[in-house]
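Chemist: Encoded as structure tokens, here's the structure I'll be asking about.
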Amino acid sequence: MATPFRMTNFLQLAGIRLGATASSREEAVRLCGELLHSLGAVESGYIDAMWEREHIISSYMGEGVSLPHGTDASRKYVNFAQLVFVRFSEPVEWDGEEVKLCIGIAAKGDEHGELLGNLAEKLLDPSSYKSLMESASTTELLELINL
Amino acid sequence: MSSISGAKVKKLVVACEAGMGSSVMIAKQLAKQLKAHGVEVTHSPVNQLDDADPDVVLCHRGLGQRAKQAMPKTPVVVFDMFLGDPRIQGVVDAILNGDTISDD
């Protein structure tokens, strides 16, 4: 039987959290890290590296979205490339910005690059942006990101 | 200050810290837009820029100084927003139109 989602599945249903809460940027980043860890994508050392990376340069992208991920040195903690999608019910204060959506990333190399490039286009497209920020259907979000 | 004609750009490198998130996102997006014009777009950690041998470097303002120190003779264009920053579009337009690209 044909699989409903294409190839790689960098994002899985278990990696999507809607209505999440975080009282700080650190809490939000760690939430993404813990989710990656619970999926087996990273070792726990990666979570600290994600927070460390935020201090070097903010992972805020614009449009209420940030892309927290580890440092170059923390690739050793990555078991397999994976994304997590964490959307907050209330905006999280992010170095002067407000974040509603975190897409947490773990990668060993460039294998997830194509998906990220496509994601940028979706974030800049008003209709798919609205879906990403508002859709209550995890399957719809999964398809939107993975395709 | 360094500058180059957009027409001469064959390799655009997005500098990053880890090369896992935003820089990858931008590099892939720009690669798609510039592929037909024979311009290669990659991403590279800021401390390995020299090996990447770019004609132009794009990077977030937070890494601008490190990028410029690494590549003093290469135009380093800094931007503030990963999504929809006019400076990023400006570099793409300059390459397509053959306009001059220079440091701030």
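Going through the structure tokens in order, the chains are called A, B, and so on, while each chain numbers its residues from 1 and the ligands are numbered from 1 in the order shown.
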For the contact check between chain B and chain A, emit one row per residue of chain B within 8 Å, containing the shortest atom pair and the distance in Å rounded to one decimal, counting only C-alpha atoms, chain then rising number order, as CSV.

Modeler:
```
residue,atom,partner,partner_atom,distance
B:Glu17,CA,A:Asp72,CA,6.9
B:Ala18,CA,A:Asp72,CA,4.1
B:Gly19,CA,A:Asp72,CA,7.1
B:Met20,CA,A:Ala107,CA,6.4
B:Gly21,CA,A:Leu67,CA,6.2
B:Ser22,CA,A:Leu67,CA,6.8
B:Val24,CA,A:Gly113,CA,5.9
B:Met25,CA,A:Gly117,CA,4.6
B:Ile26,CA,A:Gly117,CA,6.6
B:Ala27,CA,A:Gly117,CA,7.5
B:Lys28,CA,A:Gly117,CA,4.7
B:Gln29,CA,A:Gly117,CA,4.8
B:Gly62,CA,A:Ile57,CA,6.2
B:Leu63,CA,A:Ile57,CA,7.8
B:Met81,CA,A:Gly62,CA,5.9
B:Phe82,CA,A:Met61,CA,4.9
B:Leu83,CA,A:Gly62,CA,5.5
B:Gly84,CA,A:Leu124,CA,7.4
```

Chemist: Write out as number ranges by chain the residues lying within 9 Å of stretch 76-89 of chain A, counting only C-alpha atoms and excluding same-chain residues fewer than 2 positions away.

Modeler: A: 9-12, 14-22, 28, 31-33, 35-36, 39-46, 72-74, 91-92, 99-109, 111-112, 132-133, 141

Chemist: Export C-alpha atoms of the chosen residues as an mmCIF file, in the first residue's frame?

Modeler:
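Listing of result_2.cif after writing:
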```
data_model
loop_
_atom_site.group_PDB
_atom_site.id
_atom_site.type_symbol
_atom_site.label_atom_id
_atom_site.label_comp_id
_atom_site.auth_asym_id
_atom_site.auth_seq_id
_atom_site.Cartn_x
_atom_site.Cartn_y
_atom_site.Cartn_z
ATOM 1 C CA ASN A 9 9.053 11.936 7.115
ATOM 2 C CA PHE A 10 11.241 14.468 8.832
ATOM 3 C CA LEU A 11 8.129 15.361 10.774
ATOM 4 C CA GLN A 12 5.825 12.804 12.376
ATOM 5 C CA ALA A 14 4.116 12.580 17.488
ATOM 6 C CA GLY A 15 6.344 15.570 16.763
ATOM 7 C CA ILE A 16 3.447 18.013 16.530
ATOM 8 C CA ARG A 17 2.253 19.917 19.601
ATOM 9 C CA LEU A 18 -0.594 22.394 19.373
ATOM 10 C CA GLY A 19 -1.704 24.672 22.185
ATOM 11 C CA ALA A 20 1.635 24.363 23.958
ATOM 12 C CA THR A 21 2.564 26.759 26.738
ATOM 13 C CA ALA A 22 5.921 28.223 27.676
ATOM 14 C CA ALA A 28 10.066 27.013 24.614
ATOM 15 C CA LEU A 31 10.252 21.993 25.044
ATOM 16 C CA CYS A 32 11.316 21.518 21.420
ATOM 17 C CA GLY A 33 14.497 19.767 22.544
ATOM 18 C CA LEU A 35 10.227 16.525 22.141
ATOM 19 C CA LEU A 36 13.125 15.711 19.783
ATOM 20 C CA LEU A 39 11.272 10.811 19.605
ATOM 21 C CA GLY A 40 14.786 9.397 19.864
ATOM 22 C CA ALA A 41 16.162 11.887 17.323
ATOM 23 C CA VAL A 42 18.696 13.383 19.747
ATOM 24 C CA GLU A 43 20.575 12.572 22.934
ATOM 25 C CA SER A 44 19.775 14.768 25.910
ATOM 26 C CA GLY A 45 22.985 16.812 25.464
ATOM 27 C CA TYR A 46 21.404 18.342 22.402
ATOM 28 C CA ASP A 72 27.598 22.733 14.995
ATOM 29 C CA ALA A 73 29.455 20.860 17.743
ATOM 30 C CA SER A 74 26.236 19.269 18.983
ATOM 31 C CA PRO A 91 2.964 34.171 22.111
ATOM 32 C CA VAL A 92 6.344 33.598 23.757
ATOM 33 C CA VAL A 99 6.867 33.709 18.753
ATOM 34 C CA LYS A 100 3.771 31.614 18.141
ATOM 35 C CA LEU A 101 5.419 28.727 16.329
ATOM 36 C CA CYS A 102 8.687 26.909 16.961
ATOM 37 C CA ILE A 103 10.020 24.458 14.454
ATOM 38 C CA GLY A 104 12.714 22.567 16.315
ATOM 39 C CA ILE A 105 15.406 20.989 14.164
ATOM 40 C CA ALA A 106 17.883 18.164 14.540
ATOM 41 C CA ALA A 107 20.128 17.246 11.639
ATOM 42 C CA LYS A 108 23.432 15.537 11.043
ATOM 43 C CA GLY A 109 24.016 17.064 7.613
ATOM 44 C CA GLU A 111 19.405 15.965 4.456
ATOM 45 C CA HIS A 112 16.543 18.169 5.656
ATOM 46 C CA LEU A 132 0.524 26.601 9.654
ATOM 47 C CA MET A 133 -0.451 29.131 12.307
ATOM 48 C CA LEU A 141 -0.016 20.172 9.235
#
```

Chemist: Report, in Å to a single decimal, how far apart atom CA of B:Val39 and atom CA of B:Gly64 are.

Modeler: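 Atom CA of B:Val39 lies at a distance of 22.2 Å from atom CA of B:Gly64.
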
Chemist: Skip stretch 30-33 of chain B itself and residues of its chain fewer than 6 positions away, then list as a PyMOL selection string all residues within 8 Å of it, counting only C-alpha atoms.

Modeler: chain B and resi 39-42+92

Chemist: Got time to write the residues from that selection, N, CA and C atoms, as a PDB file, in the first residue's frame?

Modeler:
```pdb
ATOM      1  N   VAL B  39      24.117  30.389 -10.847  1.00  0.00           N
ATOM      2  CA  VAL B  39      24.724  30.795  -9.573  1.00  0.00           C
ATOM      3  C   VAL B  39      24.519  29.687  -8.547  1.00  0.00           C
ATOM      4  N   GLU B  40      25.620  29.272  -7.951  1.00  0.00           N
ATOM      5  CA  GLU B  40      25.557  28.238  -6.930  1.00  0.00           C
ATOM      6  C   GLU B  40      25.299  28.902  -5.576  1.00  0.00           C
ATOM      7  N   VAL B  41      24.364  28.388  -4.812  1.00  0.00           N
ATOM      8  CA  VAL B  41      24.103  28.930  -3.472  1.00  0.00           C
ATOM      9  C   VAL B  41      24.295  27.819  -2.450  1.00  0.00           C
ATOM     10  N   THR B  42      25.181  28.057  -1.495  1.00  0.00           N
ATOM     11  CA  THR B  42      25.399  27.062  -0.445  1.00  0.00           C
ATOM     12  C   THR B  42      25.371  27.774   0.909  1.00  0.00           C
ATOM     13  N   VAL B  92      19.544  39.156  -4.603  1.00  0.00           N
ATOM     14  CA  VAL B  92      19.019  38.355  -5.713  1.00  0.00           C
ATOM     15  C   VAL B  92      18.791  39.255  -6.931  1.00  0.00           C
TER      16      VAL B  92
END
```

Chemist: How would you write, as a PyMOL selection string, the set of residues in chain B that DSSP gives as strand (DSSP E)?

Modeler: chain B and resi 3-5+11-16+40-45+56-60+76-79+100-102

Chemist: Please report the interatomic distance between atom CA of B:Leu96 and atom CA of B:Ile4 in Å with one decimal.

Modeler: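 That distance, rounded to one decimal, is 13.2 Å.
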
Chemist: Enumerate the residues of chain A with a DSSP assignment of alpha helix (DSSP H), computed from the backbone, and present them as a compact mmCIF listing (two decimals) with C-alpha atoms, in the first residue's frame.

Modeler:
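Output below, filename selection.txt:
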```txt
# COMPACT_ATOMS: atom_id res chain seq x y z
CA ARG A 25 12.10 31.56 25.43
CA GLU A 26 14.27 29.06 27.29
CA GLU A 27 11.25 26.98 28.23
CA ALA A 28 10.07 27.01 24.61
CA VAL A 29 13.46 25.94 23.28
CA ARG A 30 13.75 23.19 25.86
CA LEU A 31 10.25 21.99 25.04
CA CYS A 32 11.32 21.52 21.42
CA GLY A 33 14.50 19.77 22.54
CA GLU A 34 12.66 17.44 24.87
CA LEU A 35 10.23 16.53 22.14
CA LEU A 36 13.12 15.71 19.78
CA HIS A 37 14.64 13.66 22.58
CA SER A 38 11.42 11.78 23.29
CA GLY A 45 22.99 16.81 25.46
CA TYR A 46 21.40 18.34 22.40
CA ILE A 47 18.80 20.18 24.48
CA ASP A 48 21.43 22.28 26.27
CA ALA A 49 23.13 22.91 22.93
CA MET A 50 19.88 24.30 21.55
CA TRP A 51 19.73 26.83 24.36
CA GLU A 52 23.44 27.60 23.91
CA ARG A 53 22.80 28.27 20.23
CA GLU A 54 20.09 30.82 21.12
CA HIS A 55 22.72 32.90 22.92
CA ILE A 56 25.06 32.95 19.95
CA GLY A 113 17.59 21.15 3.54
CA GLU A 114 15.08 20.75 0.75
CA LEU A 115 12.26 20.57 3.24
CA LEU A 116 13.43 23.76 4.96
CA GLY A 117 13.64 25.59 1.65
CA ASN A 118 10.07 24.58 0.88
CA LEU A 119 9.02 25.59 4.37
CA ALA A 120 10.34 29.11 3.79
CA GLU A 121 8.09 29.40 0.75
CA LYS A 122 5.11 28.16 2.73
CA LEU A 123 5.78 30.68 5.50
CA LEU A 124 5.86 33.47 2.93
CA PRO A 126 -0.36 33.86 2.98
CA SER A 127 -2.67 30.88 2.56
CA SER A 128 -0.28 28.16 3.76
CA TYR A 129 1.03 30.52 6.46
CA LYS A 130 -2.50 30.79 7.83
CA SER A 131 -2.81 27.00 7.86
CA LEU A 132 0.52 26.60 9.65
CA MET A 133 -0.45 29.13 12.31
CA GLU A 134 -4.11 28.20 12.76
CA THR A 138 -2.29 17.62 12.92
CA THR A 139 -2.62 15.49 9.78
CA GLU A 140 -3.10 18.60 7.65
CA LEU A 141 -0.02 20.17 9.24
CA LEU A 142 1.97 17.01 8.74
CA GLU A 143 1.13 16.89 5.05
CA LEU A 144 1.76 20.60 4.62
CA ILE A 145 5.27 20.33 6.08
CA ASN A 146 6.37 16.99 4.72
```

Chemist: In Å, with one decimal, what is the gap from atom CA of B:Thr100 to atom CA of B:Asp51?

Modeler: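 Atom-to-atom, atom CA of B:Thr100 and atom CA of B:Asp51 are spaced 24.0 Å apart.
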
Chemist: Set the distance at 10 Å and use only C-alpha atoms: which residues neighbour B:Ile95 once local chain neighbours fewer than 3 positions away are removed? I'd like the list as a list in words.

Modeler: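 What passes the distance filter is Ile4, Ser5, Gly6, Ala7, Lys8, Val9, Lys10, Leu12, Leu34, His37, Val39, Gln89, Gly90, Val91, Val92, Gly98, Asp99, Thr100 and Ile101 of chain B.
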
Chemist: Could those selected residues go to a file with C-alpha atoms, as a PDB file, in the first residue's frame?

Modeler:
```pdb
ATOM      1  CA  ILE B   4      31.296  43.068  -7.003  1.00  0.00           C
ATOM      2  CA  SER B   5      29.075  43.280 -10.048  1.00  0.00           C
ATOM      3  CA  GLY B   6      26.060  41.027  -9.703  1.00  0.00           C
ATOM      4  CA  ALA B   7      26.832  39.716 -13.177  1.00  0.00           C
ATOM      5  CA  LYS B   8      30.106  38.231 -11.924  1.00  0.00           C
ATOM      6  CA  VAL B   9      28.619  36.342  -8.991  1.00  0.00           C
ATOM      7  CA  LYS B  10      28.907  32.608  -9.465  1.00  0.00           C
ATOM      8  CA  LEU B  12      26.727  32.971  -3.087  1.00  0.00           C
ATOM      9  CA  LEU B  34      19.203  31.525  -8.905  1.00  0.00           C
ATOM     10  CA  HIS B  37      21.287  31.863 -13.794  1.00  0.00           C
ATOM     11  CA  VAL B  39      24.724  30.795  -9.573  1.00  0.00           C
ATOM     12  CA  GLN B  89      15.893  40.164  -2.174  1.00  0.00           C
ATOM     13  CA  GLY B  90      18.239  43.029  -3.053  1.00  0.00           C
ATOM     14  CA  VAL B  91      21.150  40.635  -3.543  1.00  0.00           C
ATOM     15  CA  VAL B  92      19.019  38.355  -5.713  1.00  0.00           C
ATOM     16  CA  GLY B  98      23.970  42.799 -12.944  1.00  0.00           C
ATOM     17  CA  ASP B  99      23.920  45.644 -10.396  1.00  0.00           C
ATOM     18  CA  THR B 100      26.730  46.275  -7.947  1.00  0.00           C
ATOM     19  CA  ILE B 101      26.680  44.410  -4.633  1.00  0.00           C
TER      20      ILE B 101
END
```

Chemist: Using only C-alpha atoms, which protein or nucleic acid residues come within 10 Å of B:Pro72? Drop anything in the same chain fewer than 5 positions from it, and give the result as an MDAnalysis selection string.

Modeler: chainID B and resid 1:2 65:67

Chemist: Go through B:Ala36, B:Ala94, B:Val76, B:Val14 and flag the residue nearest B:Gln48, using only C-alpha atoms for the distances.

Modeler: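 The closest residue to B:Gln48 is B:Val14.
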
Chemist: Could you check the closest approach to A:Ser137 for each of A:Ser24, A:Leu13, A:Glu90, A:Glu98 and tell me which residue wins, using only C-alpha atoms?

Modeler: A:Leu13

Chemist: Can you pull out every residue within 6 Å of B:His60, counting only C-alpha atoms, but drop anything in the same chain fewer than 6 positions away, and send it as a list in words?

Modeler: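 In the requested form, the answer reads Val78, Phe79 and Asp80 of chain B.
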
Chemist: Filtering to N, CA and C atoms, could you give me those residues as a PDB file, in the first residue's frame?

Modeler:
```pdb
ATOM      1  N   VAL B  78      24.655  41.934   5.155  1.00  0.00           N
ATOM      2  CA  VAL B  78      23.968  41.464   6.356  1.00  0.00           C
ATOM      3  C   VAL B  78      22.476  41.772   6.272  1.00  0.00           C
ATOM      4  N   PHE B  79      21.704  40.908   6.893  1.00  0.00           N
ATOM      5  CA  PHE B  79      20.260  41.120   6.931  1.00  0.00           C
ATOM      6  C   PHE B  79      19.779  40.941   8.366  1.00  0.00           C
ATOM      7  N   ASP B  80      18.566  41.428   8.629  1.00  0.00           N
ATOM      8  CA  ASP B  80      18.014  41.345   9.985  1.00  0.00           C
ATOM      9  C   ASP B  80      16.951  40.264  10.121  1.00  0.00           C
TER      10      ASP B  80
END
```
